[in-house]
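Listing of work-v8.txt, compact mmCIF, C-alpha atoms
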# COMPACT_ATOMS: atom_id res chain seq x y z
CA MET A 21 -55.17 -152.19 -89.98
CA LYS A 22 -53.72 -150.66 -93.13
CA ALA A 23 -49.96 -150.38 -93.09
CA GLU A 24 -50.06 -146.94 -94.74
CA GLY A 25 -52.20 -145.61 -91.93
CA LEU A 26 -49.73 -146.92 -89.45
CA ILE A 27 -46.86 -145.21 -91.21
CA ASN A 28 -48.66 -141.91 -91.22
CA ARG A 29 -49.33 -141.88 -87.55
CA ALA A 30 -46.21 -143.60 -86.38
CA CYS A 31 -43.33 -141.77 -84.78
CA CYS A 32 -40.35 -143.61 -83.48
CA PHE A 33 -36.72 -143.53 -82.56
CA ALA A 34 -34.88 -146.68 -83.56
CA SER A 35 -31.55 -147.52 -82.08
CA PRO A 36 -28.85 -148.42 -84.57
CA SER A 37 -28.49 -151.84 -82.99
CA THR A 38 -31.94 -152.97 -84.07
CA GLN A 39 -32.97 -153.96 -87.60
CA SER A 40 -35.83 -151.53 -87.42
CA VAL A 41 -36.49 -148.32 -89.26
CA PRO A 42 -37.86 -145.06 -87.88
CA VAL A 43 -41.10 -144.27 -89.67
CA VAL A 44 -41.11 -140.69 -90.90
CA ARG A 45 -44.23 -138.62 -91.51
CA ARG A 46 -43.97 -136.82 -94.84
CA PRO A 47 -45.98 -133.68 -95.64
CA ALA A 48 -48.29 -133.97 -98.62
CA PRO A 49 -47.16 -132.04 -101.71
CA GLY A 50 -49.21 -129.25 -103.25
CA PHE A 51 -50.57 -127.86 -100.02
CA HIS A 52 -52.71 -124.85 -100.94
CA MET A 53 -53.34 -121.74 -98.85
CA THR A 54 -57.06 -122.44 -98.59
CA LYS A 55 -56.40 -125.83 -97.10
CA ARG A 56 -53.77 -124.58 -94.64
CA PHE A 57 -56.15 -123.99 -91.74
CA ILE A 58 -57.71 -127.45 -92.10
CA GLY A 59 -54.21 -128.82 -92.36
CA VAL A 60 -53.09 -127.20 -89.11
CA VAL A 61 -56.14 -128.57 -87.25
CA ALA A 62 -55.57 -132.02 -88.74
CA TRP A 63 -51.88 -131.83 -87.85
CA VAL A 64 -52.67 -131.08 -84.20
CA PHE A 65 -55.23 -133.91 -84.11
CA LEU A 66 -52.95 -136.40 -85.82
CA GLY A 67 -50.08 -135.26 -83.62
CA ALA A 68 -52.11 -136.26 -80.58
CA LEU A 69 -52.83 -139.59 -82.23
CA GLY A 70 -49.16 -139.91 -83.08
CA LEU A 71 -48.22 -139.48 -79.44
CA ALA A 72 -50.51 -142.35 -78.58
CA ALA A 73 -48.82 -144.47 -81.17
CA GLN A 74 -45.35 -143.26 -80.31
CA GLY A 75 -42.62 -145.82 -80.71
CA GLU A 76 -44.12 -147.77 -83.61
CA GLN A 77 -41.33 -149.18 -85.74
CA ILE A 78 -40.74 -151.59 -88.59
CA PHE A 79 -38.81 -154.77 -87.78
CA LYS A 80 -37.52 -157.49 -90.08
CA GLY A 81 -36.66 -161.00 -89.10
CA LYS A 82 -37.78 -164.59 -88.96
CA ILE A 83 -40.63 -165.98 -86.89
CA CYS A 84 -39.30 -168.69 -84.59
CA TRP A 85 -40.52 -170.20 -81.35
CA VAL A 86 -39.07 -170.92 -77.95
CA PRO A 87 -40.57 -173.12 -75.22
CA GLY A 88 -42.86 -171.14 -72.92
CA GLU A 89 -40.84 -171.50 -69.75
CA ARG A 90 -37.71 -170.20 -71.46
CA ALA A 91 -39.37 -167.30 -73.24
CA ALA A 92 -38.32 -164.76 -70.64
CA VAL A 93 -34.64 -165.63 -70.96
CA LEU A 94 -33.80 -165.34 -74.61
CA GLY A 95 -30.45 -165.96 -76.11
CA GLU A 96 -29.92 -165.45 -79.82
CA SER A 97 -28.55 -168.98 -80.24
CA GLN A 98 -31.60 -170.44 -78.49
CA ALA A 99 -34.01 -168.70 -80.83
CA ALA A 100 -31.95 -169.43 -83.90
CA ALA A 101 -31.93 -173.13 -83.05
CA GLN A 102 -35.73 -173.24 -82.96
CA CYS A 103 -36.08 -171.52 -86.33
CA THR A 104 -35.34 -174.75 -88.12
CA ASP A 105 -38.43 -176.47 -86.69
CA ALA A 106 -41.65 -174.78 -87.76
CA ARG A 107 -43.86 -176.98 -85.52
CA ALA A 108 -44.26 -175.27 -82.16
CA LYS A 109 -44.84 -177.28 -78.99
CA ARG A 110 -47.71 -176.55 -76.60
CA GLY A 111 -47.14 -173.35 -74.64
CA ALA A 112 -44.39 -172.21 -76.98
CA LYS A 113 -43.89 -168.49 -77.52
CA TYR A 114 -43.14 -166.96 -80.86
CA VAL A 115 -40.19 -164.66 -81.29
CA LEU A 116 -38.82 -162.47 -84.04
CA SER A 117 -35.23 -163.44 -84.61
CA ASN A 118 -32.73 -161.54 -86.73
CA PRO A 119 -29.29 -163.18 -86.70
CA GLU A 120 -27.85 -160.36 -88.81
CA SER A 121 -28.59 -157.67 -86.25
CA LYS A 122 -28.31 -160.21 -83.39
CA THR A 123 -31.72 -159.34 -82.00
CA VAL A 124 -34.48 -161.56 -80.63
CA TYR A 125 -37.82 -160.08 -79.63
CA GLN A 126 -40.90 -161.69 -78.16
CA LEU A 127 -44.16 -160.99 -79.97
CA ASN A 128 -47.35 -159.92 -78.33
CA GLY A 129 -50.89 -159.14 -79.40
CA HIS A 130 -51.16 -160.79 -82.79
CA GLN A 131 -52.54 -164.10 -83.97
CA LYS A 132 -50.49 -164.46 -87.13
CA PRO A 133 -47.13 -165.74 -85.77
CA LYS A 134 -48.31 -169.34 -85.90
CA VAL A 135 -49.26 -169.05 -89.58
CA LEU A 136 -46.01 -167.29 -90.43
CA ALA A 137 -43.72 -169.53 -88.34
CA GLY A 138 -40.44 -170.21 -90.09
CA ASN A 139 -40.97 -167.35 -92.56
CA ASP A 140 -39.15 -164.07 -92.99
CA VAL A 141 -41.56 -161.35 -91.96
CA VAL A 142 -41.96 -157.60 -91.60
CA VAL A 143 -43.46 -156.55 -88.27
CA ILE A 144 -44.91 -153.16 -87.43
CA GLY A 145 -45.23 -152.58 -83.72
CA THR A 146 -44.13 -150.93 -80.51
CA LEU A 147 -41.04 -152.23 -78.77
CA ASP A 148 -40.92 -152.47 -75.00
CA ARG A 149 -37.18 -152.39 -74.44
CA ALA A 150 -37.43 -153.48 -70.80
CA THR A 151 -39.01 -156.83 -71.65
CA GLY A 152 -37.77 -157.16 -75.22
CA THR A 153 -41.35 -157.55 -76.44
CA ILE A 154 -42.91 -156.08 -79.58
CA ASP A 155 -46.57 -155.19 -79.30
CA VAL A 156 -47.52 -156.14 -82.86
CA ALA A 157 -49.86 -153.91 -84.85
CA ASP A 158 -49.39 -155.63 -88.20
CA MET A 159 -47.30 -158.40 -89.63
CA PHE A 160 -46.81 -159.80 -93.12
CA ARG A 161 -44.52 -162.13 -95.02
CA ALA A 162 -41.36 -160.37 -96.22
CA LEU A 163 -41.00 -160.00 -99.96
CA PRO A 164 -37.96 -161.60 -101.55
CA PRO A 165 -35.33 -159.43 -103.30
CA LYS A 166 -36.65 -160.67 -106.65
CA VAL A 167 -39.76 -158.57 -106.04
CA THR A 168 -37.98 -155.46 -104.84
CA ARG A 169 -35.56 -155.61 -107.78
CA ALA A 170 -38.24 -156.30 -110.43
CA LYS A 171 -38.53 -153.80 -113.27
CA THR A 172 -41.01 -155.41 -115.66
CA ALA A 173 -44.37 -157.01 -115.02
CA TYR A 174 -46.95 -158.95 -117.00
CA ILE A 175 -50.63 -158.89 -116.13
CA ASP A 176 -52.50 -162.16 -116.50
CA CYS A 177 -56.14 -162.71 -115.80
CA ASP A 178 -56.61 -166.42 -115.42
CA ALA A 179 -60.10 -167.85 -115.01
CA CYS A 180 -61.55 -164.41 -115.69
CA PRO A 181 -64.92 -164.81 -117.40
CA ARG A 182 -67.89 -162.43 -117.14
CA GLY A 183 -67.54 -159.75 -114.46
CA MET A 184 -64.06 -160.96 -113.58
CA ALA A 185 -62.82 -159.59 -116.92
CA ALA A 186 -62.71 -156.11 -115.36
CA ALA A 187 -59.67 -157.19 -113.37
CA TRP A 188 -57.20 -156.92 -116.27
CA LEU A 189 -58.03 -153.32 -117.17
CA ALA A 190 -58.22 -152.25 -113.52
CA ALA A 191 -54.82 -153.82 -112.88
CA PHE A 192 -53.38 -152.11 -115.96
CA GLN A 193 -54.72 -148.74 -114.81
CA GLU A 194 -53.46 -149.15 -111.25
CA LEU A 195 -50.01 -150.39 -112.25
CA THR A 196 -49.67 -147.63 -114.87
CA ASP A 197 -50.59 -145.02 -112.25
CA TRP A 198 -48.06 -146.54 -109.88
CA GLY A 199 -45.39 -146.34 -112.59
CA ARG A 200 -42.96 -148.70 -110.89
CA PHE A 201 -43.07 -151.48 -113.47
CA ASP A 202 -42.86 -151.52 -117.24
CA ILE A 203 -45.98 -153.49 -118.20
CA THR A 204 -44.78 -155.85 -120.87
CA PRO A 205 -46.99 -157.89 -123.21
CA ASP A 206 -44.41 -160.68 -123.17
CA PRO A 207 -44.59 -162.92 -120.08
CA ARG A 208 -41.16 -164.34 -120.88
CA LYS A 209 -39.60 -160.88 -120.54
CA ALA A 210 -41.36 -160.10 -117.26
CA ASP A 211 -39.67 -160.16 -113.86
CA LEU A 212 -43.05 -160.63 -112.16
CA ILE A 213 -46.48 -161.90 -113.15
CA PHE A 214 -49.50 -160.18 -111.62
CA LEU A 215 -52.00 -163.00 -111.73
CA PHE A 216 -55.70 -162.37 -111.15
CA SER A 217 -58.28 -165.07 -110.90
CA ALA A 218 -61.64 -165.97 -109.45
CA ASN A 219 -60.09 -169.25 -108.31
CA PRO A 220 -57.25 -169.68 -105.82
CA TYR A 221 -53.81 -170.11 -107.39
CA LEU A 222 -52.43 -173.66 -107.31
CA GLY A 223 -48.81 -172.76 -107.96
CA ASP A 224 -48.96 -174.21 -111.46
CA TYR A 225 -48.37 -171.13 -113.61
CA VAL A 226 -45.30 -172.63 -115.25
CA THR A 227 -46.32 -176.27 -115.31
CA ARG A 228 -49.99 -176.06 -116.34
CA ASP A 229 -50.70 -176.67 -120.00
CA GLY A 230 -53.73 -174.65 -121.10
CA PRO A 231 -56.31 -172.55 -119.33
CA ASP A 232 -57.68 -173.12 -115.85
CA LYS A 233 -60.52 -175.62 -116.30
CA ARG A 234 -62.01 -175.35 -112.82
CA PRO A 235 -65.57 -174.02 -112.61
CA VAL A 236 -65.66 -170.30 -111.89
CA SER A 237 -67.98 -168.42 -109.61
CA VAL A 238 -67.12 -164.71 -109.67
CA ASP A 239 -67.23 -163.83 -106.00
CA ILE A 240 -63.67 -163.64 -104.73
CA THR A 241 -60.91 -161.76 -106.55
CA TYR A 242 -57.54 -163.42 -106.00
CA MET A 243 -54.24 -161.75 -106.72
CA ASP A 244 -50.88 -163.51 -106.78
CA VAL A 245 -47.50 -162.04 -107.59
CA VAL A 246 -45.81 -164.94 -109.31
CA ASP A 247 -42.23 -165.74 -110.30
CA PRO A 248 -42.39 -166.34 -114.10
CA ASN A 249 -39.51 -168.81 -113.93
CA THR A 250 -40.66 -171.06 -111.12
CA GLY A 251 -44.37 -170.30 -110.70
CA GLU A 252 -43.82 -169.62 -107.00
CA SER A 253 -46.21 -167.10 -105.48
CA PHE A 254 -44.30 -164.32 -103.71
CA TRP A 255 -47.38 -162.52 -102.50
CA ASP A 256 -51.07 -163.31 -102.43
CA ASP A 257 -54.31 -161.98 -101.06
CA SER A 258 -57.97 -161.85 -101.99
CA ARG A 259 -61.12 -159.77 -101.66
CA GLN A 260 -64.57 -161.27 -101.42
CA TRP A 261 -66.37 -158.26 -102.86
CA GLY A 262 -68.60 -160.01 -105.37
CA ALA A 263 -68.86 -159.78 -109.15
CA LEU A 264 -69.89 -156.11 -109.18
CA PHE A 265 -66.73 -154.83 -107.51
CA VAL A 266 -64.01 -156.82 -109.23
CA ALA A 267 -62.25 -153.69 -110.53
CA ARG A 268 -62.31 -152.06 -107.12
CA ALA A 269 -61.08 -155.26 -105.45
CA THR A 270 -58.25 -155.51 -107.98
CA LYS A 271 -57.13 -151.94 -107.34
CA ASP A 272 -57.32 -152.45 -103.59
CA LEU A 273 -55.17 -155.58 -103.78
CA ILE A 274 -52.51 -153.78 -105.82
CA GLU A 275 -52.64 -150.89 -103.35
CA GLU A 276 -52.05 -153.32 -100.47
CA PHE A 277 -49.12 -154.92 -102.29
CA ARG A 278 -47.71 -151.47 -103.01
CA GLU A 279 -47.89 -150.47 -99.33
CA GLU A 280 -46.20 -153.66 -98.18
CA LEU A 281 -43.46 -153.22 -100.76
CA LYS A 282 -42.92 -149.66 -99.56
CA ILE A 283 -42.61 -150.78 -95.93
CA GLU A 284 -40.31 -153.63 -96.94
CA GLU A 285 -38.02 -151.24 -98.79
CA ARG A 286 -37.92 -148.81 -95.89
CA ALA A 287 -36.98 -151.64 -93.56
CA THR A 288 -34.27 -152.81 -95.96
CA VAL A 289 -32.83 -149.31 -96.39
CA GLY A 290 -32.90 -148.85 -92.59
CA ALA A 291 -31.10 -152.14 -92.07
CA GLU A 292 -28.45 -151.21 -94.61
CA LEU A 293 -27.99 -147.81 -92.96
CA SER A 294 -27.54 -149.29 -89.50
CA ARG A 295 -25.15 -151.91 -90.93
CA SER A 296 -23.03 -149.26 -92.66
CA ARG A 297 -23.09 -147.20 -89.44
CA ARG A 298 -21.82 -150.22 -87.52
CA ASP A 299 -19.15 -150.90 -90.14
CA SER A 300 -17.92 -147.31 -90.19
CA SER A 301 -17.70 -147.17 -86.37
CA ALA A 302 -15.64 -150.39 -86.23
CA PRO A 303 -11.87 -149.86 -85.89
CA LEU A 304 -9.85 -150.38 -89.06
CA SER A 305 -7.46 -153.31 -89.01
CA HIS A 306 -4.09 -152.98 -90.71
CA MET B 29 -66.54 -139.15 -167.86
CA ARG B 30 -66.98 -136.79 -164.90
CA ILE B 31 -68.37 -139.60 -162.78
CA PHE B 32 -65.42 -141.74 -163.71
CA LEU B 33 -62.99 -138.98 -162.68
CA VAL B 34 -64.80 -138.50 -159.37
CA LEU B 35 -64.70 -142.22 -158.73
CA LEU B 36 -61.01 -142.34 -159.61
CA PHE B 37 -60.29 -139.43 -157.24
CA VAL B 38 -62.25 -141.04 -154.38
CA THR B 39 -60.45 -144.36 -154.89
CA ALA B 40 -57.06 -142.69 -155.01
CA THR B 41 -57.62 -140.54 -151.92
CA SER B 42 -59.08 -143.38 -149.88
CA ALA B 43 -56.22 -145.61 -150.91
CA ALA B 44 -53.75 -142.96 -149.84
CA ALA B 45 -55.55 -142.43 -146.56
CA PHE B 46 -56.23 -146.02 -145.55
CA CYS B 47 -53.39 -147.95 -147.07
CA ALA B 48 -49.70 -147.78 -146.61
CA PRO B 49 -46.87 -148.83 -148.86
CA GLY B 50 -46.28 -152.54 -148.32
CA GLY B 51 -42.77 -153.74 -147.71
CA VAL B 52 -41.84 -150.98 -145.31
CA LEU B 53 -41.11 -153.60 -142.70
CA LYS B 54 -39.58 -156.07 -145.15
CA GLY B 55 -36.36 -157.53 -143.80
CA ALA B 56 -36.78 -155.81 -140.44
CA THR B 57 -36.26 -157.85 -137.30
CA LYS B 58 -36.51 -155.25 -134.58
CA ILE B 59 -38.91 -152.36 -134.03
CA GLN B 60 -38.83 -149.66 -131.43
CA VAL B 61 -42.25 -148.77 -130.07
CA ASP B 62 -42.40 -145.09 -129.16
CA PRO B 63 -44.91 -143.45 -126.81
CA THR B 64 -48.34 -142.65 -128.13
CA VAL B 65 -48.95 -139.16 -129.53
CA ILE B 66 -52.24 -137.56 -128.54
CA GLU B 67 -53.26 -134.94 -131.08
CA HIS B 68 -56.53 -133.89 -129.47
CA PRO B 69 -56.24 -134.17 -125.67
CA GLU B 70 -59.90 -133.19 -125.31
CA LYS B 71 -60.87 -136.39 -127.16
CA VAL B 72 -58.69 -138.67 -125.02
CA LYS B 73 -59.88 -138.13 -121.49
CA ASP B 74 -57.49 -140.40 -119.59
CA ALA B 75 -53.75 -140.70 -120.13
CA VAL B 76 -53.97 -144.40 -119.35
CA TYR B 77 -55.62 -144.96 -122.79
CA ALA B 78 -52.41 -143.80 -124.47
CA GLN B 79 -50.51 -146.39 -122.44
CA LEU B 80 -53.11 -149.00 -123.27
CA VAL B 81 -52.87 -148.54 -127.05
CA ARG B 82 -49.05 -148.54 -126.80
CA TYR B 83 -49.28 -151.82 -124.89
CA ASP B 84 -51.41 -153.26 -127.69
CA LEU B 85 -48.93 -152.04 -130.30
CA ARG B 86 -46.05 -153.68 -128.40
CA ALA B 87 -48.09 -156.87 -128.21
CA ALA B 88 -48.91 -156.73 -131.94
CA VAL B 89 -45.23 -156.18 -132.81
CA ARG B 90 -44.43 -159.23 -130.76
CA ASP B 91 -47.26 -161.25 -132.36
CA ALA B 92 -45.92 -160.32 -135.81
CA LEU B 93 -42.66 -162.01 -134.75
CA PHE B 94 -40.63 -158.82 -134.53
CA GLU B 95 -38.33 -158.18 -131.65
CA GLU B 96 -39.17 -155.09 -129.67
CA GLY B 97 -36.31 -152.81 -128.64
CA GLU B 98 -33.95 -150.08 -129.73
CA SER B 99 -33.99 -149.90 -133.50
CA PRO B 100 -33.79 -147.33 -136.31
CA LEU B 101 -37.25 -148.52 -137.35
CA ARG B 102 -39.80 -146.96 -135.04
CA ALA B 103 -43.53 -147.32 -134.62
CA HIS B 104 -46.08 -145.36 -132.67
CA ILE B 105 -49.78 -144.63 -132.55
CA VAL B 106 -51.22 -141.20 -133.11
CA LEU B 107 -54.38 -141.24 -131.05
CA ASP B 108 -57.06 -138.89 -132.35
CA GLU B 109 -59.92 -140.15 -130.24
CA PHE B 110 -60.53 -142.74 -127.56
CA THR B 111 -64.07 -143.14 -126.32
CA PRO B 112 -64.66 -145.88 -123.78
CA GLU B 113 -68.04 -147.46 -123.47
CA GLY B 114 -70.51 -145.43 -121.44
CA LYS B 115 -71.51 -146.57 -117.96
CA ALA B 116 -75.06 -147.44 -119.01
CA LYS B 117 -73.81 -149.59 -121.88
CA ARG B 118 -71.27 -151.26 -119.63
CA TRP B 119 -74.10 -152.21 -117.28
CA ALA B 120 -76.13 -153.51 -120.20
CA ASN B 121 -73.13 -155.61 -121.29
CA PHE B 122 -72.44 -156.78 -117.77
CA GLY B 123 -71.54 -160.39 -117.76
CA SER B 124 -70.02 -160.45 -121.23
CA GLY B 125 -66.64 -159.48 -119.87
CA ARG B 126 -65.88 -157.13 -122.77
CA ASN B 127 -64.81 -153.51 -122.54
CA ILE B 128 -65.84 -151.90 -125.81
CA SER B 129 -64.23 -148.64 -126.93
CA THR B 130 -64.10 -146.53 -130.06
CA VAL B 131 -60.60 -145.72 -131.22
CA GLU B 132 -59.60 -143.34 -134.01
CA GLY B 133 -55.96 -142.92 -134.85
CA ARG B 134 -53.01 -143.79 -137.03
CA LEU B 135 -50.23 -146.32 -136.91
CA VAL B 136 -47.07 -144.49 -137.91
CA ILE B 137 -43.80 -146.10 -138.96
CA GLN B 138 -40.72 -143.88 -139.04
CA ASP B 139 -37.04 -144.29 -139.78
CA ALA B 140 -34.20 -143.16 -137.51
CA SER B 141 -34.31 -139.59 -138.86
CA GLY B 142 -38.01 -139.32 -138.07
CA LYS B 143 -39.09 -139.57 -141.71
CA GLU B 144 -42.55 -141.06 -142.00
CA LEU B 145 -42.37 -144.33 -143.93
CA ALA B 146 -45.98 -145.35 -143.48
CA SER B 147 -49.13 -144.05 -141.89
CA VAL B 148 -52.11 -146.35 -141.57
CA LYS B 149 -55.47 -145.06 -140.52
CA ILE B 150 -57.07 -147.05 -137.71
CA HIS B 151 -60.73 -147.00 -136.82
CA LEU B 152 -62.00 -149.53 -134.34
CA HIS B 153 -65.08 -150.19 -132.32
CA GLY B 154 -64.16 -153.11 -130.12
CA SER B 155 -62.12 -154.27 -127.17
CA VAL B 156 -58.81 -152.57 -126.43
CA ALA B 157 -58.02 -154.27 -123.16
CA SER B 158 -57.30 -157.96 -122.82
CA ASN B 159 -60.25 -160.13 -123.76
CA PRO B 160 -60.47 -163.08 -121.38
CA GLU B 161 -62.41 -165.20 -123.86
CA ASP B 162 -59.28 -165.57 -125.99
CA GLY B 163 -56.57 -165.73 -123.39
CA ASN B 164 -56.02 -167.71 -120.22
CA ASN B 165 -53.32 -169.88 -121.63
CA THR B 166 -50.28 -169.43 -119.46
CA GLN B 167 -48.04 -171.30 -121.87
CA GLY B 168 -48.53 -169.14 -124.94
CA ARG B 169 -50.11 -165.77 -125.49
CA GLN B 170 -52.59 -165.11 -128.30
CA PRO B 171 -53.81 -161.67 -129.45
CA THR B 172 -56.25 -160.83 -126.73
CA SER B 173 -58.03 -157.66 -127.86
CA ASP B 174 -59.68 -156.47 -131.05
CA PHE B 175 -57.34 -153.49 -131.25
CA GLU B 176 -54.27 -155.71 -130.96
CA ARG B 177 -55.65 -157.95 -133.70
CA CYS B 178 -56.31 -154.93 -135.93
CA LEU B 179 -52.75 -153.64 -135.41
CA LEU B 180 -51.35 -157.09 -136.12
CA GLU B 181 -53.19 -157.20 -139.46
CA GLU B 182 -51.82 -153.78 -140.43
CA ILE B 183 -48.28 -154.73 -139.44
CA GLU B 184 -48.53 -157.95 -141.46
CA ARG B 185 -49.63 -155.86 -144.45
CA LEU B 186 -46.57 -153.66 -144.09
CA LYS B 187 -44.20 -156.63 -144.21

In structure tokens, how does this file's structure come out?
Amino acid sequence: MKAEGLINRACCFASPSTQSVPVVRRPAPGFHMTKRFIGVVAWVFLGALGLAAQGEQIFKGKICWVPGERAAVLGESQAAAQCTDARAKRGAKYVLSNPESKTVYQLNGHQKPKVLAGNDVVVIGTLDRATGTIDVADMFRALPPKVTRAKTAYIDCDACPRGMAAAWLAAFQELTDWGRFDITPDPRKADLIFLFSANPYLGDYVTRDGPDKRPVSVDITYMDVVDPNTGESFWDDSRQWGALFVARATKDLIEEFREELKIEERATVGAELSRSRRDSSAPLSH
Amino acid sequence: MRIFLVLLFVTATSAAAFCAPGGVLKGATKIQVDPTVIEHPEKVKDAVYAQLVRYDLRAAVRDALFEEGESPLRAHIVLDEFTPEGKAKRWANFGSGRNISTVEGRLVIQDASGKELASVKIHLHGSVASNPEDGNNTQGRQPTSDFERCLLEEIERLK
């Protein structure tokens, strides 16, 4: 499910003690008179949908595991201890642990925890406070601060022959429309590299000498957001849309990255707000 | 005699229109690349083209071994026309990986006061976006579009 869709229909009330952020529905700008009636009908319909999805929130933390029999009784120290070992034992249950906000939640209804075990993640879901369980709607790897702080970007199309060549221009158009990054022609001045390829990225952006020599079949469009200093991939995804829809796949991948970055930033701002609220309510020591 | 005068006039006007005084960029180390000016918005259908030609100018400045940044010496493109390849032609070229466009404009160099030091006419029918046939080297970047190459040549001439 698209994260943006979730945001639009979500409605929640986060307590300051959790590292979660209430998702706010924003009205679209430029609402004309002629569209007002349709808008009202849509609002009523979406409102009903929103009620169904009431309580959806954004949570940040680390995916850890606890042994199955102990899953019901969670202590923060228990969960934190398991975070160091990414290999879960049979029957283990995955939890979302956030030592900063001192919260540990069980996760329900999603297959990804195993893949993301040991990673910092952003979870969108509904929290059942009675059982301390999040019914997960979507989950993805959290983006490091290097990404959220980035100001300049370089677009590279690696292994981009034939139809794949459309990726560069599509990426340029999409990133220019977004307007968040200054697209620089100098990779050494870039904070991030947007790397497109018809082959999966091997993590060798910095170390490889020369072009990608692997054979290319233009079928899958891969996108990686790469650290220009280390070659580490901060974010990656792909679309198997064939050679005819490379441009569309490229734009869709950037759109997905953009949505995840937006959610990440909302979660971060929410966490900072709740932290400052906690700090301001604490008694001053003299 | 009349023919000679006509020929002299044509040569002089074309030289004035297509050439620029060399040495304008002599001794310069840093150039500021200003936003593209669109003189005829009806001939440049998408604002992204203005960004694209500015990107190529920044790349050409870099390729010519100038530093890009705040400087009294400023460069920008005046874009008169940008016509991307039609859909039918793009389909016909499918598989080549090239996006061909027709670009008409000028490369303008100004000083800090805005005085025009050079104006070079640019006419190009070729690729404006990155050309994958030339690139793909993560360790060093080469000029990757025909427009960038054209701008690089003009900048070298102004040195």

Measure the distance from CA of His153 in chain B to CA of Lys71 in chain B in Å and round it to one decimal.
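Interatomic distance, CA of His153 in chain B to CA of Lys71 in chain B: 15.3 Å.
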
Find, counting only C-alpha atoms, the residue in A:Val156, A:Leu189, A:Ile283, A:Val289 that gets nearest to chain B.
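Distance minimum relative to chain B lands on A:Leu189.
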
Of the residues B:Thr57, B:Ser147, B:Thr172, B:Ser158, which is the one nearest to chain A, using all atoms listed in the file?
B:Ser158

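Using all atoms listed in the file, the set of residues no farther than 10 Å from the position (-66.6, -154.6, -109.6) comprises Gly183, Met184, Ala185, Ala186, Ala187, Ala190, Asp239, Thr241, Trp261, Gly262, Ala263, Leu264, Phe265, Val266, Ala267, Arg268, Ala269 and Thr270 of chain A.
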
If you count only C-alpha atoms, which residues fall within 10 Å of Lys73 in chain B, apart from same-chain ones fewer than 2 positions away, as a PyMOL selection string?
chain B and resi 68-71+75-78+109-112

Mind listing whatever residues come within 7 Å of the point (-51.3, -163.0, -109.6)? Use only C-alpha atoms, file coordinates, and give them as a list of chain:residue names.
A:Ile213, A:Phe214, A:Leu215, A:Phe216, A:Met243, A:Asp244, A:Val245, A:Val246

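You can rank B:Gly133, B:Gly51, B:Gly142, B:Gly97 by their closest distance to chain A using only C-alpha atoms, and at the top of that list sits B:Gly97.
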
Considering all atoms listed in the file, can you say which of B:Ile59, B:Lys143, B:Gln138, B:Ala157 comes closest to chain A?
B:Ala157

What does the structure give for the distance between CA of Leu93 in chain B and CA of Glu181 in chain B, in Å to one decimal?
12.5 Å

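Remark: for chain A, the closest of the candidate residues B:Glu113, B:Glu182, B:Asp84, B:Asp108 is B:Asp84 (distances computed over all atoms listed in the file).
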
Return as lines of an AutoDock Vina configuration file the centre and edge lengths, in Å with one decimal, of the box along x, y and z that encloses every atom of range 133-147 of chain B in the file, padded by 5 Å per side.
center_x = -45.1
center_y = -142.8
center_z = -139.4
size_x = 31.8
size_y = 17.0
size_z = 19.1

So which residues touch Arg208 in chain A within 9 Å, counting all atoms listed in the file, skipping near sequence neighbours fewer than 4 positions away, as a ChimeraX atom specification?
/A:174,248-249

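Using only C-alpha atoms, the part of chain A that sits within 8 Å of chain B is made up of Asp176, Cys177, Asp178, Ala179, Cys180, Pro181, Arg182, Gly183, Met184, Ala185, Ala186, Trp188, Leu189, Phe192, Gln193, Thr196, Asp197, Ile203, Thr204, Pro205, Asp206, Tyr225, Val226, Arg228, Asp229, Gly230, Pro231 and Asp232 of chain A.
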
Rounded to one decimal place, report the CA of Val238 in chain A-CA of Gly154 in chain B distance in Å.
23.7 Å

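Within 7 Å of Asp211 in chain A, once only C-alpha atoms are used and residues closer than 6 positions along the same chain are dropped, the contacting residues are Ala170, Lys171, Thr172, Ala173 and Pro248 of chain A.
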
Considering only C-alpha atoms, return as number ranges by chain whatever protein or nucleic-acid residues lie within 8 Å of Ile105 in chain B, sequence-local ones (same chain, fewer than 4 positions apart) excluded.
B: 63-65, 81-82, 85, 133-136

Residues near Val61 in chain B, anyone? I mean within 6 Å using all atoms listed in the file, not counting same-chain ones fewer than 2 positions away, as a list in words.
Arg102, Ala103 and His104 of chain B
